[in-house]
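> Sharing work-v9.txt (compact mmCIF, C-alpha atoms (C1' of nucleotides)) below.
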```txt
# COMPACT_ATOMS: atom_id res chain seq x y z
CA MET A 286 -114.08 -21.84 -63.20
CA SER A 287 -110.95 -21.93 -65.33
CA ALA A 288 -110.97 -23.14 -68.89
CA ASP A 289 -108.56 -25.77 -67.66
CA GLN A 290 -107.38 -28.14 -70.33
CA LYS A 291 -106.87 -30.71 -67.63
CA PHE A 292 -110.55 -31.53 -67.70
CA ASN A 293 -111.06 -31.50 -71.44
CA PRO A 294 -111.55 -35.25 -71.68
CA ILE A 295 -114.31 -35.08 -69.12
CA ARG A 296 -116.08 -32.28 -70.91
CA LYS A 297 -116.02 -34.34 -74.06
CA GLY A 298 -119.28 -35.97 -74.79
CA LEU A 299 -121.04 -34.06 -72.08
CA LEU A 300 -121.97 -31.24 -74.39
CA GLU A 301 -124.77 -33.17 -76.03
CA PHE A 302 -126.52 -33.61 -72.73
CA LEU A 303 -126.09 -30.02 -71.74
CA ILE A 304 -127.79 -29.06 -74.98
CA LEU A 305 -130.69 -31.33 -74.11
CA GLN A 306 -130.82 -29.71 -70.73
CA ILE A 307 -130.81 -26.21 -72.17
CA ILE A 308 -133.49 -26.99 -74.69
CA SER A 309 -135.63 -28.60 -72.03
CA ALA A 310 -135.70 -25.33 -70.14
CA ASP A 311 -136.35 -22.84 -72.93
CA LYS A 312 -137.19 -22.50 -76.55
CA VAL A 313 -133.86 -21.42 -77.96
CA TYR A 314 -131.95 -21.04 -81.17
CA VAL A 315 -128.26 -21.51 -81.68
CA ALA A 316 -127.13 -18.05 -80.58
CA ASP A 317 -129.10 -18.46 -77.35
CA MET A 318 -127.46 -21.78 -76.65
CA MET A 319 -124.03 -20.33 -77.18
CA LYS A 320 -124.80 -17.50 -74.81
CA ARG A 321 -125.92 -19.89 -72.11
CA LEU A 322 -122.89 -22.08 -72.57
CA GLN A 323 -120.62 -19.08 -72.46
CA GLU A 324 -121.52 -18.61 -68.80
CA THR A 325 -120.13 -22.07 -68.11
CA ASP A 326 -116.98 -24.02 -68.80
CA PHE A 327 -118.61 -25.30 -71.97
CA ALA A 328 -118.30 -22.26 -74.19
CA THR A 329 -118.24 -23.46 -77.76
CA GLN A 330 -118.37 -22.48 -81.42
CA GLU A 331 -121.01 -22.50 -84.13
CA GLY A 332 -118.99 -25.10 -85.98
CA THR A 333 -119.41 -27.40 -83.02
CA LEU A 334 -123.06 -26.77 -82.37
CA TYR A 335 -124.55 -27.01 -85.83
CA PRO A 336 -123.25 -30.48 -86.64
CA LEU A 337 -124.20 -31.66 -83.18
CA LEU A 338 -127.75 -30.39 -83.53
CA SER A 339 -128.05 -31.98 -86.96
CA LYS A 340 -126.99 -35.27 -85.48
CA MET A 341 -129.44 -34.92 -82.63
CA ARG A 342 -132.19 -34.20 -85.07
CA ARG A 343 -131.37 -37.22 -87.18
CA GLU A 344 -131.57 -39.24 -83.98
CA GLU A 345 -134.91 -37.60 -83.25
CA PHE A 346 -133.97 -36.15 -79.90
CA VAL A 347 -134.78 -32.62 -80.98
CA ASP A 348 -136.96 -30.89 -83.50
CA TYR A 349 -137.28 -27.27 -84.54
CA GLU A 350 -139.67 -24.67 -85.85
CA TRP A 351 -138.83 -21.72 -88.00
CA GLN A 352 -139.69 -18.46 -86.36
CA GLU A 353 -139.33 -14.98 -87.78
CA SER A 354 -137.19 -12.38 -86.14
CA ASP A 355 -137.79 -8.64 -85.73
CA SER A 356 -134.41 -7.93 -87.12
CA GLY A 357 -132.77 -10.36 -89.46
CA PRO A 358 -133.34 -13.72 -91.04
CA PRO A 359 -135.65 -16.32 -89.49
CA ARG A 360 -134.38 -18.60 -86.78
CA LYS A 361 -134.66 -22.25 -85.98
CA TYR A 362 -136.05 -22.67 -82.51
CA TYR A 363 -135.36 -26.06 -81.06
CA LYS A 364 -137.45 -28.18 -78.75
CA LEU A 365 -137.19 -31.64 -77.29
CA THR A 366 -139.08 -34.55 -78.75
CA ALA A 367 -140.56 -37.26 -76.53
CA LYS A 368 -137.51 -39.33 -77.35
CA GLY A 369 -135.28 -36.42 -76.38
CA LYS A 370 -137.02 -36.10 -73.06
CA SER A 371 -136.49 -39.71 -72.19
CA GLN A 372 -132.89 -39.45 -73.36
CA LEU A 373 -132.41 -36.58 -70.96
CA ALA A 374 -134.02 -38.56 -68.16
CA GLU A 375 -131.67 -41.46 -68.86
CA PHE A 376 -128.75 -39.14 -68.78
CA LYS A 377 -129.76 -37.76 -65.42
CA ASP A 378 -130.05 -41.26 -64.05
CA TYR A 379 -126.66 -42.12 -65.41
CA TRP A 380 -125.22 -38.99 -63.92
CA ALA A 381 -126.61 -39.93 -60.52
CA TYR A 382 -125.10 -43.35 -60.99
CA LEU A 383 -121.73 -41.81 -61.72
CA ASN A 384 -121.94 -39.87 -58.49
CA THR A 385 -122.61 -43.07 -56.62
CA THR A 386 -119.75 -44.86 -58.32
CA ILE A 387 -117.28 -42.12 -57.58
CA ASN A 388 -118.25 -42.06 -53.94
CA GLN A 389 -118.13 -45.82 -53.60
CA LEU A 390 -114.66 -46.11 -55.03
CA GLY A 391 -113.37 -43.58 -52.57
CA ARG A 392 -113.35 -46.00 -49.71
CA MET P 204 -126.01 -50.44 -64.61
CA SER P 205 -125.94 -51.38 -68.24
CA ALA P 206 -122.78 -51.34 -70.27
CA ASP P 207 -124.60 -48.86 -72.43
CA GLN P 208 -122.57 -47.57 -75.33
CA LYS P 209 -124.67 -44.46 -75.25
CA PHE P 210 -122.61 -43.10 -72.42
CA ASN P 211 -119.21 -44.12 -73.67
CA PRO P 212 -118.10 -40.58 -74.42
CA ILE P 213 -118.93 -39.55 -70.88
CA ARG P 214 -117.01 -42.40 -69.36
CA LYS P 215 -114.02 -41.43 -71.41
CA GLY P 216 -111.56 -39.38 -69.50
CA LEU P 217 -113.19 -40.19 -66.22
CA LEU P 218 -111.21 -43.36 -65.72
CA GLU P 219 -108.08 -41.55 -64.66
CA PHE P 220 -109.90 -39.92 -61.79
CA LEU P 221 -111.54 -43.11 -60.70
CA ILE P 222 -108.10 -44.64 -60.50
CA LEU P 223 -106.96 -41.79 -58.30
CA GLN P 224 -110.02 -42.33 -56.17
CA ILE P 225 -109.39 -46.06 -55.85
CA ILE P 226 -105.76 -45.59 -54.95
CA SER P 227 -106.65 -42.97 -52.40
CA ALA P 228 -108.76 -45.51 -50.55
CA ASP P 229 -106.48 -48.55 -50.57
CA LYS P 230 -103.06 -49.76 -51.42
CA VAL P 231 -103.75 -51.71 -54.57
CA TYR P 232 -102.08 -53.28 -57.54
CA VAL P 233 -103.46 -53.60 -61.03
CA ALA P 234 -105.52 -56.75 -60.51
CA ASP P 235 -107.16 -55.13 -57.47
CA MET P 236 -108.05 -52.06 -59.47
CA MET P 237 -109.60 -54.14 -62.19
CA LYS P 238 -111.66 -56.01 -59.65
CA ARG P 239 -112.98 -52.81 -58.14
CA LEU P 240 -113.79 -51.36 -61.54
CA GLN P 241 -115.54 -54.54 -62.54
CA GLU P 242 -118.22 -53.80 -59.98
CA THR P 243 -118.96 -50.57 -61.82
CA ASP P 244 -119.67 -49.44 -65.35
CA PHE P 245 -115.95 -48.86 -65.80
CA ALA P 246 -114.73 -52.40 -66.21
CA THR P 247 -111.60 -52.29 -68.27
CA GLN P 248 -108.59 -54.23 -69.52
CA GLU P 249 -104.97 -54.55 -68.50
CA GLY P 250 -104.01 -52.98 -71.77
CA THR P 251 -105.89 -49.87 -70.78
CA LEU P 252 -104.69 -49.67 -67.22
CA TYR P 253 -100.97 -50.17 -67.62
CA PRO P 254 -100.41 -47.36 -70.08
CA LEU P 255 -102.61 -45.10 -67.99
CA LEU P 256 -100.70 -45.83 -64.82
CA SER P 257 -97.40 -45.26 -66.58
CA LYS P 258 -98.62 -41.89 -67.72
CA MET P 259 -99.82 -41.03 -64.25
CA ARG P 260 -96.46 -41.95 -62.83
CA ARG P 261 -94.63 -39.80 -65.36
CA GLU P 262 -96.87 -36.96 -64.29
CA GLU P 263 -96.05 -37.76 -60.67
CA PHE P 264 -99.61 -38.34 -59.53
CA VAL P 265 -98.87 -41.85 -58.34
CA ASP P 266 -95.92 -43.82 -57.16
CA TYR P 267 -95.49 -47.50 -56.33
CA GLU P 268 -93.61 -49.96 -54.18
CA TRP P 269 -92.72 -53.49 -55.03
CA GLN P 270 -94.19 -55.98 -52.68
CA GLU P 271 -93.75 -59.72 -52.69
CA SER P 272 -96.62 -62.09 -53.05
CA ASP P 273 -97.26 -65.45 -51.37
CA SER P 274 -97.90 -67.02 -54.70
CA GLY P 275 -96.38 -65.58 -57.81
CA PRO P 276 -94.22 -62.74 -58.96
CA PRO P 277 -93.95 -59.49 -56.97
CA ARG P 278 -96.53 -56.79 -57.41
CA LYS P 279 -96.46 -53.07 -57.81
CA TYR P 280 -98.62 -51.47 -55.17
CA TYR P 281 -99.62 -47.96 -56.04
CA LYS P 282 -100.14 -44.96 -53.82
CA LEU P 283 -100.92 -41.31 -54.36
CA THR P 284 -98.22 -38.68 -54.25
CA ALA P 285 -98.89 -35.26 -52.77
CA LYS P 286 -99.43 -34.04 -56.30
CA GLY P 287 -101.86 -36.86 -56.90
CA LYS P 288 -103.83 -35.94 -53.81
CA SER P 289 -104.24 -32.38 -54.91
CA GLN P 290 -105.14 -33.55 -58.39
CA LEU P 291 -107.88 -35.65 -56.89
CA ALA P 292 -109.09 -32.71 -54.82
CA GLU P 293 -109.21 -30.55 -57.95
CA PHE P 294 -111.16 -33.21 -59.72
CA LYS P 295 -113.70 -33.38 -56.95
CA ASP P 296 -114.12 -29.63 -57.10
CA TYR P 297 -114.56 -29.79 -60.82
CA TRP P 298 -117.09 -32.55 -60.46
CA ALA P 299 -119.07 -30.45 -58.03
CA TYR P 300 -118.89 -27.62 -60.49
CA LEU P 301 -120.25 -29.85 -63.22
CA ASN P 302 -123.18 -30.71 -61.03
CA THR P 303 -123.89 -27.04 -60.52
CA THR P 304 -123.62 -26.32 -64.22
CA ILE P 305 -125.97 -29.09 -65.19
CA ASN P 306 -128.55 -27.94 -62.69
CA GLN P 307 -128.26 -24.33 -63.70
CA LEU P 308 -128.78 -25.05 -67.38
CA GLY P 309 -131.95 -26.95 -66.61
CA ARG P 310 -133.98 -23.84 -65.98
C1' DT I 7 -90.96 -77.79 -67.64
C1' DT I 8 -95.42 -76.41 -67.43
C1' DG I 9 -98.90 -73.19 -65.88
C1' DG I 10 -100.20 -69.21 -63.73
C1' DT I 11 -99.48 -64.52 -62.35
C1' DA I 12 -97.80 -59.99 -63.21
C1' DC I 13 -95.61 -56.79 -65.71
C1' DC I 14 -95.39 -53.73 -70.11
C1' DT I 15 -95.48 -51.84 -75.14
C1' DT I 16 -97.18 -51.10 -79.64
C1' DT I 17 -100.65 -50.33 -82.94
C1' DG I 18 -105.06 -49.07 -84.62
C1' DT I 19 -109.58 -47.00 -84.30
C1' DA I 20 -113.00 -43.84 -83.22
C1' DT I 21 -114.62 -39.67 -81.56
C1' DT I 22 -115.02 -34.96 -81.20
C1' DA I 23 -114.34 -30.17 -81.17
C1' DC I 24 -112.57 -26.49 -83.60
C1' DA I 25 -111.20 -23.49 -87.46
C1' DA I 26 -112.22 -21.76 -91.63
C1' DG I 27 -114.94 -21.04 -95.38
C1' DG I 28 -119.38 -20.52 -97.65
C1' DT I 29 -124.59 -19.32 -98.73
C1' DA I 30 -128.52 -16.56 -98.09
C1' DG I 31 -132.08 -13.63 -96.00
C1' DC I 32 -133.21 -9.16 -93.94
C1' DT I 33 -132.37 -4.21 -92.77
C1' DT I 34 -130.35 0.06 -93.27
C1' DT I 35 -128.42 3.77 -95.74
C1' DA I 36 -126.58 6.29 -99.52
C1' DT M 93 -133.09 0.95 -105.78
C1' DA M 94 -128.71 -0.60 -105.19
C1' DA M 95 -125.12 -1.89 -102.00
C1' DA M 96 -123.27 -2.66 -97.66
C1' DG M 97 -123.55 -4.94 -93.34
C1' DC M 98 -125.41 -7.90 -90.16
C1' DT M 99 -127.51 -12.10 -88.73
C1' DA M 100 -128.29 -16.89 -89.24
C1' DC M 101 -127.71 -20.98 -91.35
C1' DC M 102 -124.43 -24.92 -92.69
C1' DT M 103 -120.21 -27.95 -94.40
C1' DT M 104 -115.56 -29.60 -94.76
C1' DG M 105 -111.08 -30.71 -93.22
C1' DT M 106 -107.81 -31.20 -89.37
C1' DA M 107 -105.76 -32.30 -85.05
C1' DA M 108 -105.85 -34.26 -80.70
C1' DT M 109 -106.24 -38.02 -77.68
C1' DA M 110 -108.07 -41.85 -75.25
C1' DC M 111 -109.08 -46.27 -75.27
C1' DA M 112 -108.93 -51.12 -76.50
C1' DA M 113 -106.81 -55.18 -78.45
C1' DA M 114 -103.13 -57.93 -79.12
C1' DG M 115 -98.75 -59.38 -78.47
C1' DG M 116 -94.75 -60.01 -75.64
C1' DT M 117 -91.36 -60.70 -71.40
C1' DA M 118 -90.32 -62.45 -66.93
C1' DC M 119 -90.88 -64.31 -62.41
C1' DC M 120 -92.45 -67.99 -59.27
C1' DA M 121 -94.43 -72.44 -57.76
C1' DA M 122 -95.73 -77.13 -58.47
```
Write out the structure in this file as structure tokens.

Amino acid sequence: MSADQKFNPIRKGLLEFLILQIISADKVYVADMMKRLQETDFATQEGTLYPLLSKMRREEFVDYEWQESDSGPPRKYYKLTAKGKSQLAEFKDYWAYLNTTINQLGR
Amino acid sequence: MSADQKFNPIRKGLLEFLILQIISADKVYVADMMKRLQETDFATQEGTLYPLLSKMRREEFVDYEWQESDSGPPRKYYKLTAKGKSQLAEFKDYWAYLNTTINQLGR
DNA sequence: TTGGTACCTTTGTATTACAAGGTAGCTTTA
DNA sequence: TAAAGCTACCTTGTAATACAAAGGTACCAA
């Protein structure tokens, strides 16, 4: 899919939920997240991710553990908290609701 | 569905496409649009809609015809242009793509 | 002439992503 | 053992832009 600027406003704000979704699937650190996002239309930068993750931690949606690496400095591996899981569930509900709304308006 | 501020950022940018969707279904003027949106989580104000419609007209996604009313001043009834129809089609594709992306990231 | 409907513009706010710059730990190599 | 290079962490400032709120004009009917 093209990195079409046309849909920028829609992408906005969605990133946070994609992060929740990614973390729910795997234990990952920032470089992993970026790699996964790179495969999608949501490729992003460190400077975007770090502040976002800090915010999400302050809000207690995610937590992390330090974990050593074979080659290089230790990494922060993120995981969802209980609150993060229910946030993700809410998001999925809302997403389903959006689908309904869009379909309804089209007739 | 709640008017939950949590999802504000997601709603943002989506409005334009909902408008396209509404216009694609019916010939409507602004008050009609507002009524339809009121049934959803996208209830909005005149002050939001008019500038948006002006922009969409400049971009040639919509056009309008004046039509007299039984009671009151004439109304602008909007319809999609060819360009607007293909814009809506693109949006639907993109939306489908978003669904795919979200599902993919969740495992 | 009053009240209601319909149109439109201007201004301000808030959000968000990115770019750029900065610190520090670990490994490799000279 | 020093230094060079890589990896990983993080912060600050900027620009874009969408939306909402408020204010304003004009037409029509009673």
> Go through A:Thr386, A:Ser339, A:Thr366, A:Asn293 one by one, measure the shortest atom-to-atom distance of each to chain I using all atoms listed in the file, and give the residue with the smallest value.
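Comparing A:Thr386, A:Ser339, A:Thr366, A:Asn293 against chain I, the winner is A:Asn293.
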> Just checking: using all atoms listed in the file, which residue out of A:Thr385, A:Gln306, A:Asp326, A:Tyr314 ends up closest to Ser354 in chain A?
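For Ser354 in chain A, the nearest of the given residues is A:Tyr314.
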> Using all atoms listed in the file, which chain A residues lie at most 12 Å away from chain I, written as a ChimeraX atom specification?
/A:293-294,296-301,327-337,353-360
> Compute the chain P side of the contact with chain A at 10 Å, counting all atoms listed in the file, and hand it back as a compact mmCIF listing (two decimals) with C-alpha atoms, in the frame of the given file.

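See selection_24.txt below for the written result:
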```txt
# COMPACT_ATOMS: atom_id res chain seq x y z
CA MET P 204 -126.01 -50.44 -64.61
CA SER P 205 -125.94 -51.38 -68.24
CA ASP P 207 -124.60 -48.86 -72.43
CA LYS P 209 -124.67 -44.46 -75.25
CA PHE P 210 -122.61 -43.10 -72.42
CA ASN P 211 -119.21 -44.12 -73.67
CA PRO P 212 -118.10 -40.58 -74.42
CA ILE P 213 -118.93 -39.55 -70.88
CA ARG P 214 -117.01 -42.40 -69.36
CA LYS P 215 -114.02 -41.43 -71.41
CA GLY P 216 -111.56 -39.38 -69.50
CA LEU P 217 -113.19 -40.19 -66.22
CA LEU P 218 -111.21 -43.36 -65.72
CA PHE P 220 -109.90 -39.92 -61.79
CA LEU P 221 -111.54 -43.11 -60.70
CA ILE P 222 -108.10 -44.64 -60.50
CA LEU P 223 -106.96 -41.79 -58.30
CA GLN P 224 -110.02 -42.33 -56.17
CA ILE P 225 -109.39 -46.06 -55.85
CA ILE P 226 -105.76 -45.59 -54.95
CA SER P 227 -106.65 -42.97 -52.40
CA ALA P 228 -108.76 -45.51 -50.55
CA ASP P 229 -106.48 -48.55 -50.57
CA MET P 236 -108.05 -52.06 -59.47
CA ARG P 239 -112.98 -52.81 -58.14
CA LEU P 240 -113.79 -51.36 -61.54
CA GLU P 242 -118.22 -53.80 -59.98
CA THR P 243 -118.96 -50.57 -61.82
CA ASP P 244 -119.67 -49.44 -65.35
CA PHE P 245 -115.95 -48.86 -65.80
CA GLN P 290 -105.14 -33.55 -58.39
CA GLU P 293 -109.21 -30.55 -57.95
CA PHE P 294 -111.16 -33.21 -59.72
CA LYS P 295 -113.70 -33.38 -56.95
CA ASP P 296 -114.12 -29.63 -57.10
CA TYR P 297 -114.56 -29.79 -60.82
CA TRP P 298 -117.09 -32.55 -60.46
CA ALA P 299 -119.07 -30.45 -58.03
CA TYR P 300 -118.89 -27.62 -60.49
CA LEU P 301 -120.25 -29.85 -63.22
CA ASN P 302 -123.18 -30.71 -61.03
CA THR P 303 -123.89 -27.04 -60.52
CA THR P 304 -123.62 -26.32 -64.22
CA ILE P 305 -125.97 -29.09 -65.19
CA ASN P 306 -128.55 -27.94 -62.69
CA GLN P 307 -128.26 -24.33 -63.70
CA LEU P 308 -128.78 -25.05 -67.38
CA GLY P 309 -131.95 -26.95 -66.61
CA ARG P 310 -133.98 -23.84 -65.98
```
> Residues of chain M within 12 Å of chain A, counting only C-alpha atoms (C1' of nucleotides), what are they? List them as an NGL selection string.
:M and (97-104 or 108-111)
> Rounded to one decimal place, report the CA of Leu338 in chain A-CA of Ala374 in chain A distance in Å.
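Those two atoms sit 18.5 Å apart.
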> So how far away is CA of Leu373 in chain A from CA of Met341 in chain A, in Å?
12.2 Å
